[in-house]
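Notes follow the structure.
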Amino acid sequence: MTKKIVITGIGATSPLGGTARESWEALLAGDSGARSLEHDWVATYDLPVMFAAEAKVRPDTVLERPVAKRLDPSSQLALVAAKEAFADAGSPDVPSERLGVDFSTGIGGVWTLLDAWDTLREKGPRRVMPMTVPMLMPNAPAAAVSMHFEARAYARTVASACASSTEAIANAYEHLQAGLADVVIAGGSESAIHPITIASFASMQALSRRNDEPATASRPYDVTRDGFVMGEGAAALVLETEEHALARGARIYAELAGGGVTADSHHITAPEPEGLGASRAVQLALDAAGATADDVTHINAHATSTPVGDVAEVRAMHRIFGERIREIPVSATKAAHGHLLGGTGALEAMFATLAIVERQAPPTINVTEQDPDAPLRISAEPMPLGDEPQLVISNSFGFGGHNAVIAIRSI
């Protein structure tokens, strides 16, 4: 029997704010989290891109110092977001064996790995920290969250590039349906604003190079878009069966109605140009929700601000929604917070949840001349969603051809 899965807690630390609420309010206000990088290594390596959307609040200033020292920044961010989400859910009193964790990252502990390499070259093997491997592992964020909350049902990690945390949330939906847990902390994190990643993304012409105007560099659907803006942060949702939530008197934000995951099997970096795999993921999410395309009232688009990626997603949406795609409010929030890679889907799922609760779609900033190949309903101001039942889809697509979509429904 299909169970209703609900969202009872949210948490985030992002380029827009140190909490979920701060991030949401800054998003609605049209703020940008992109800023010039004030690190010596920008000049040292003569990087062609000198800005990014760093987390507004450093996680090591929030966590206790002994805890932060044993975690890579990606795990620090994950723990900050998860702690907020669990507290927001009322700190559910659930047996450890019935509490699960689905937490992902796209890259993992790149700072720990490359700092250790520098130490090895400069000071020798005896000075490499013994905790290096546990800190750099891609499953370290999930492990940190599970150990903090003593979650013993399971702690699982999926690494599917920029689709990672949306896929983690879709997996959590399936795990709850399968009865593996009563409550799950699901989400994702990333802290990969590092010289090597910036140099690599810049080399493949994926990053915007608007060094003189970082706040307006990410411009999804604009004819002048020239690449994405690196971001970092984490977000988490507390998910549980409706039966469990009602039994403990929990506040319910919305229903996680379903998820869809597919693969393009097309190219390691480029999306399938007609959006075939992406559209199948949307359809699978709608099928899981028992819904049709006509039920969708809002779309949180992946929309990274790359010339090729944005159009491929529009084509995928047109396959599902036809000409109605011109009428559905669409939000491209990466224009404000940048691209958090493996953490971005969780942050946008949190925004999609609040869009339902507050009945307003977030704005898409920085679009001065909309691409005619992207005939979507976007706005630089929040768009009202109305009083009717809401069904929002949130898209995430990643290198390797990974597609992940979730559907969130009003209660």
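FYI, nothing fancy with the structure tokens labels: chains A, B, ... in order, residues from 1 per chain, ligands from 1 as they appear.
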
Next on the checklist: Report as a ChimeraX atom specification all protein, DNA and RNA residues lying within 12 Å of Ile356 in chain A, evaluated on only C-alpha atoms, omitting residues in the same chain fewer than 6 positions from it.
Outcome noted: /A:7,252-256,296-300,349-350,362,383-393,407-411

What are the closest atom pairs, with distances in Å to one decimal, for each residue of range 161-235 of chain A lying within 6 Å of range 339-348 of chain A, using only C-alpha atoms, rows by chain and rising residue number, as CSV?
```
residue,atom,partner,partner_atom,distance
A:Ala161,CA,A:Gly342,CA,5.6
A:Cys162,CA,A:Leu341,CA,4.4
A:Ser164,CA,A:Gly342,CA,5.0
A:Ser165,CA,A:Gly345,CA,5.1
A:Thr166,CA,A:Gly345,CA,4.7
A:Gly187,CA,A:Ala346,CA,5.0
A:Gly188,CA,A:Gly343,CA,4.4
A:Ser189,CA,A:Gly343,CA,4.0
A:Glu190,CA,A:Gly343,CA,5.3
A:Val229,CA,A:His339,CA,5.9
A:Met230,CA,A:His339,CA,5.2
A:Gly231,CA,A:Leu340,CA,4.4
A:Glu232,CA,A:Leu340,CA,4.7
A:Ala234,CA,A:Gly343,CA,5.4
A:Ala235,CA,A:Leu347,CA,4.9
```

Where does range 147-261 of chain A meet range 83-107 of chain A within 9 Å, residue by residue, with the nearest atom pair and distance in Å to one decimal for each, counting only C-alpha atoms, listed by chain and rising number, as JSON lines?
```
{"residue": "A:His148", "atom": "CA", "partner": "A:Lys83", "partner_atom": "CA", "distance": 8.8}
{"residue": "A:Phe149", "atom": "CA", "partner": "A:Ser96", "partner_atom": "CA", "distance": 8.0}
{"residue": "A:Glu150", "atom": "CA", "partner": "A:Ser96", "partner_atom": "CA", "distance": 5.9}
{"residue": "A:Ala151", "atom": "CA", "partner": "A:Leu99", "partner_atom": "CA", "distance": 4.9}
{"residue": "A:Arg152", "atom": "CA", "partner": "A:Glu97", "partner_atom": "CA", "distance": 4.7}
{"residue": "A:Ala153", "atom": "CA", "partner": "A:Glu97", "partner_atom": "CA", "distance": 4.4}
{"residue": "A:Tyr154", "atom": "CA", "partner": "A:Gly100", "partner_atom": "CA", "distance": 4.9}
{"residue": "A:Ala155", "atom": "CA", "partner": "A:Val101", "partner_atom": "CA", "distance": 4.5}
{"residue": "A:Arg156", "atom": "CA", "partner": "A:Asp102", "partner_atom": "CA", "distance": 5.0}
{"residue": "A:Thr157", "atom": "CA", "partner": "A:Ser104", "partner_atom": "CA", "distance": 5.0}
{"residue": "A:Val158", "atom": "CA", "partner": "A:Ser104", "partner_atom": "CA", "distance": 5.3}
{"residue": "A:Ala159", "atom": "CA", "partner": "A:Gly106", "partner_atom": "CA", "distance": 5.1}
{"residue": "A:Ser160", "atom": "CA", "partner": "A:Gly106", "partner_atom": "CA", "distance": 6.1}
{"residue": "A:Ala161", "atom": "CA", "partner": "A:Gly106", "partner_atom": "CA", "distance": 4.2}
{"residue": "A:Cys162", "atom": "CA", "partner": "A:Gly106", "partner_atom": "CA", "distance": 6.2}
{"residue": "A:Ala163", "atom": "CA", "partner": "A:Gly106", "partner_atom": "CA", "distance": 8.0}
{"residue": "A:Ser164", "atom": "CA", "partner": "A:Ser104", "partner_atom": "CA", "distance": 5.8}
{"residue": "A:Ser165", "atom": "CA", "partner": "A:Ser104", "partner_atom": "CA", "distance": 5.4}
{"residue": "A:Thr166", "atom": "CA", "partner": "A:Ser104", "partner_atom": "CA", "distance": 8.9}
{"residue": "A:Glu167", "atom": "CA", "partner": "A:Ser104", "partner_atom": "CA", "distance": 8.5}
{"residue": "A:Ala168", "atom": "CA", "partner": "A:Asp102", "partner_atom": "CA", "distance": 5.5}
{"residue": "A:Ile169", "atom": "CA", "partner": "A:Asp102", "partner_atom": "CA", "distance": 6.9}
{"residue": "A:Asn171", "atom": "CA", "partner": "A:Asp102", "partner_atom": "CA", "distance": 7.2}
{"residue": "A:Ala172", "atom": "CA", "partner": "A:Asp102", "partner_atom": "CA", "distance": 6.0}
{"residue": "A:His175", "atom": "CA", "partner": "A:Gly100", "partner_atom": "CA", "distance": 8.7}
{"residue": "A:Leu180", "atom": "CA", "partner": "A:Arg98", "partner_atom": "CA", "distance": 7.2}
{"residue": "A:Ala181", "atom": "CA", "partner": "A:Arg98", "partner_atom": "CA", "distance": 4.4}
{"residue": "A:Asp182", "atom": "CA", "partner": "A:Arg98", "partner_atom": "CA", "distance": 5.4}
{"residue": "A:Val183", "atom": "CA", "partner": "A:Leu99", "partner_atom": "CA", "distance": 5.1}
{"residue": "A:Val184", "atom": "CA", "partner": "A:Gly100", "partner_atom": "CA", "distance": 4.5}
{"residue": "A:Ile185", "atom": "CA", "partner": "A:Val101", "partner_atom": "CA", "distance": 4.9}
{"residue": "A:Ala186", "atom": "CA", "partner": "A:Asp102", "partner_atom": "CA", "distance": 4.6}
{"residue": "A:Gly187", "atom": "CA", "partner": "A:Phe103", "partner_atom": "CA", "distance": 4.9}
{"residue": "A:Gly188", "atom": "CA", "partner": "A:Ser104", "partner_atom": "CA", "distance": 4.5}
{"residue": "A:Ser189", "atom": "CA", "partner": "A:Thr105", "partner_atom": "CA", "distance": 5.3}
{"residue": "A:Glu190", "atom": "CA", "partner": "A:Thr105", "partner_atom": "CA", "distance": 5.8}
{"residue": "A:Ser191", "atom": "CA", "partner": "A:Ile107", "partner_atom": "CA", "distance": 8.4}
{"residue": "A:Ala192", "atom": "CA", "partner": "A:Ile107", "partner_atom": "CA", "distance": 7.2}
{"residue": "A:Ala235", "atom": "CA", "partner": "A:Ala85", "partner_atom": "CA", "distance": 8.3}
{"residue": "A:Ala236", "atom": "CA", "partner": "A:Ala85", "partner_atom": "CA", "distance": 6.0}
{"residue": "A:Leu237", "atom": "CA", "partner": "A:Ala85", "partner_atom": "CA", "distance": 6.0}
{"residue": "A:Val238", "atom": "CA", "partner": "A:Ala85", "partner_atom": "CA", "distance": 6.2}
{"residue": "A:Ala245", "atom": "CA", "partner": "A:Pro92", "partner_atom": "CA", "distance": 8.9}
{"residue": "A:Arg248", "atom": "CA", "partner": "A:Pro92", "partner_atom": "CA", "distance": 7.9}
{"residue": "A:Ala250", "atom": "CA", "partner": "A:Ala89", "partner_atom": "CA", "distance": 7.0}
{"residue": "A:Arg251", "atom": "CA", "partner": "A:Ala89", "partner_atom": "CA", "distance": 7.3}
{"residue": "A:Ile252", "atom": "CA", "partner": "A:Ala89", "partner_atom": "CA", "distance": 8.6}
```

Given only C-alpha atoms, how would the per-residue table for range 263-313 of chain A near range 373-380 of chain A read, listing every residue at most 12 Å away with its closest atom pair and distance in Å to one decimal, sorted by chain and number, as JSON lines?
```
{"residue": "A:Thr297", "atom": "CA", "partner": "A:Arg377", "partner_atom": "CA", "distance": 11.7}
{"residue": "A:His298", "atom": "CA", "partner": "A:Arg377", "partner_atom": "CA", "distance": 10.0}
{"residue": "A:Ile299", "atom": "CA", "partner": "A:Arg377", "partner_atom": "CA", "distance": 10.0}
{"residue": "A:Asn300", "atom": "CA", "partner": "A:Ile378", "partner_atom": "CA", "distance": 10.7}
{"residue": "A:Ala301", "atom": "CA", "partner": "A:Ile378", "partner_atom": "CA", "distance": 10.6}
{"residue": "A:Ala303", "atom": "CA", "partner": "A:Ala374", "partner_atom": "CA", "distance": 10.7}
{"residue": "A:Ser305", "atom": "CA", "partner": "A:Ala374", "partner_atom": "CA", "distance": 11.7}
{"residue": "A:Pro307", "atom": "CA", "partner": "A:Asp373", "partner_atom": "CA", "distance": 10.6}
{"residue": "A:Val308", "atom": "CA", "partner": "A:Asp373", "partner_atom": "CA", "distance": 11.0}
{"residue": "A:Gly309", "atom": "CA", "partner": "A:Ala374", "partner_atom": "CA", "distance": 11.2}
{"residue": "A:Asp310", "atom": "CA", "partner": "A:Ala374", "partner_atom": "CA", "distance": 7.9}
{"residue": "A:Val311", "atom": "CA", "partner": "A:Ala374", "partner_atom": "CA", "distance": 6.4}
{"residue": "A:Ala312", "atom": "CA", "partner": "A:Ala374", "partner_atom": "CA", "distance": 9.6}
{"residue": "A:Glu313", "atom": "CA", "partner": "A:Ala374", "partner_atom": "CA", "distance": 9.2}
```

Item to check | Pick from A:Pro382, A:Ser218, A:Leu239, A:Gly290 nearest to Gln360 in chain A, counting only C-alpha atoms | outcome: A:Pro382

Item to check | Separation of CA of Leu207 in chain A from CA of Ala29 in chain A, in Å and rounded to one decimal | outcome: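 Straight-line distance from CA of Leu207 in chain A to CA of Ala29 in chain A works out to 24.8 Å.
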
Next on the checklist: What parts of range 279-410 of chain A does DSSP call helix (DSSP H, G or I)? I'd like the answer as a ChimeraX atom specification.
Outcome noted: /A:279-289,293-295,307-326,334-337,341-358

Item to check | Who sits within 6 Å of range 314-325 of chain A, only C-alpha atoms, same chain under 3 positions skipped, as a ChimeraX atom specification | outcome: /A:274-275,278-279,293,311,328

Next on the checklist: Using only C-alpha atoms, which protein or nucleic acid residues come within 12 Å of Thr61 in chain A? Drop anything in the same chain fewer than 4 positions from it, and give the result as a PyMOL selection string.
Outcome noted: chain A and resi 18+55-57+65-69+73+76-77+80

Go ahead and write the residues just picked, C-alpha atoms, as a CSV table (one decimal), in the first residue's frame.
```csv
chain,number,residue,atom,x,y,z
A,18,GLY,CA,22.8,30.8,7.5
A,55,ALA,CA,28.2,30.1,2.2
A,56,LYS,CA,27.2,33.3,3.9
A,57,VAL,CA,27.9,31.9,7.4
A,65,ARG,CA,35.4,23.6,17.5
A,66,PRO,CA,36.3,19.9,18.3
A,67,VAL,CA,33.4,18.8,16.1
A,68,ALA,CA,34.3,21.1,13.2
A,69,LYS,CA,38.0,20.1,13.3
A,73,PRO,CA,33.6,21.7,5.2
A,76,GLN,CA,30.3,20.7,8.5
A,77,LEU,CA,27.6,22.3,6.3
A,80,VAL,CA,24.5,22.5,10.3
```

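We find CA of Leu47 in chain A and CA of Asp212 in chain A to be spaced 13.9 Å apart.
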
Item to check | Distance criterion (only C-alpha atoms): nearest to Ser208 in chain A out of A:Leu79, A:Ala332, A:Met50, A:Ile5 | outcome: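 Smallest distance to Ser208 in chain A is found for A:Met50.
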
Checklist entry - Using only C-alpha atoms, which residues sit within 6 Å of Val128 in chain A once same-chain residues fewer than 2 positions away are excluded, as a ChimeraX atom specification? => result /A:116,125-126
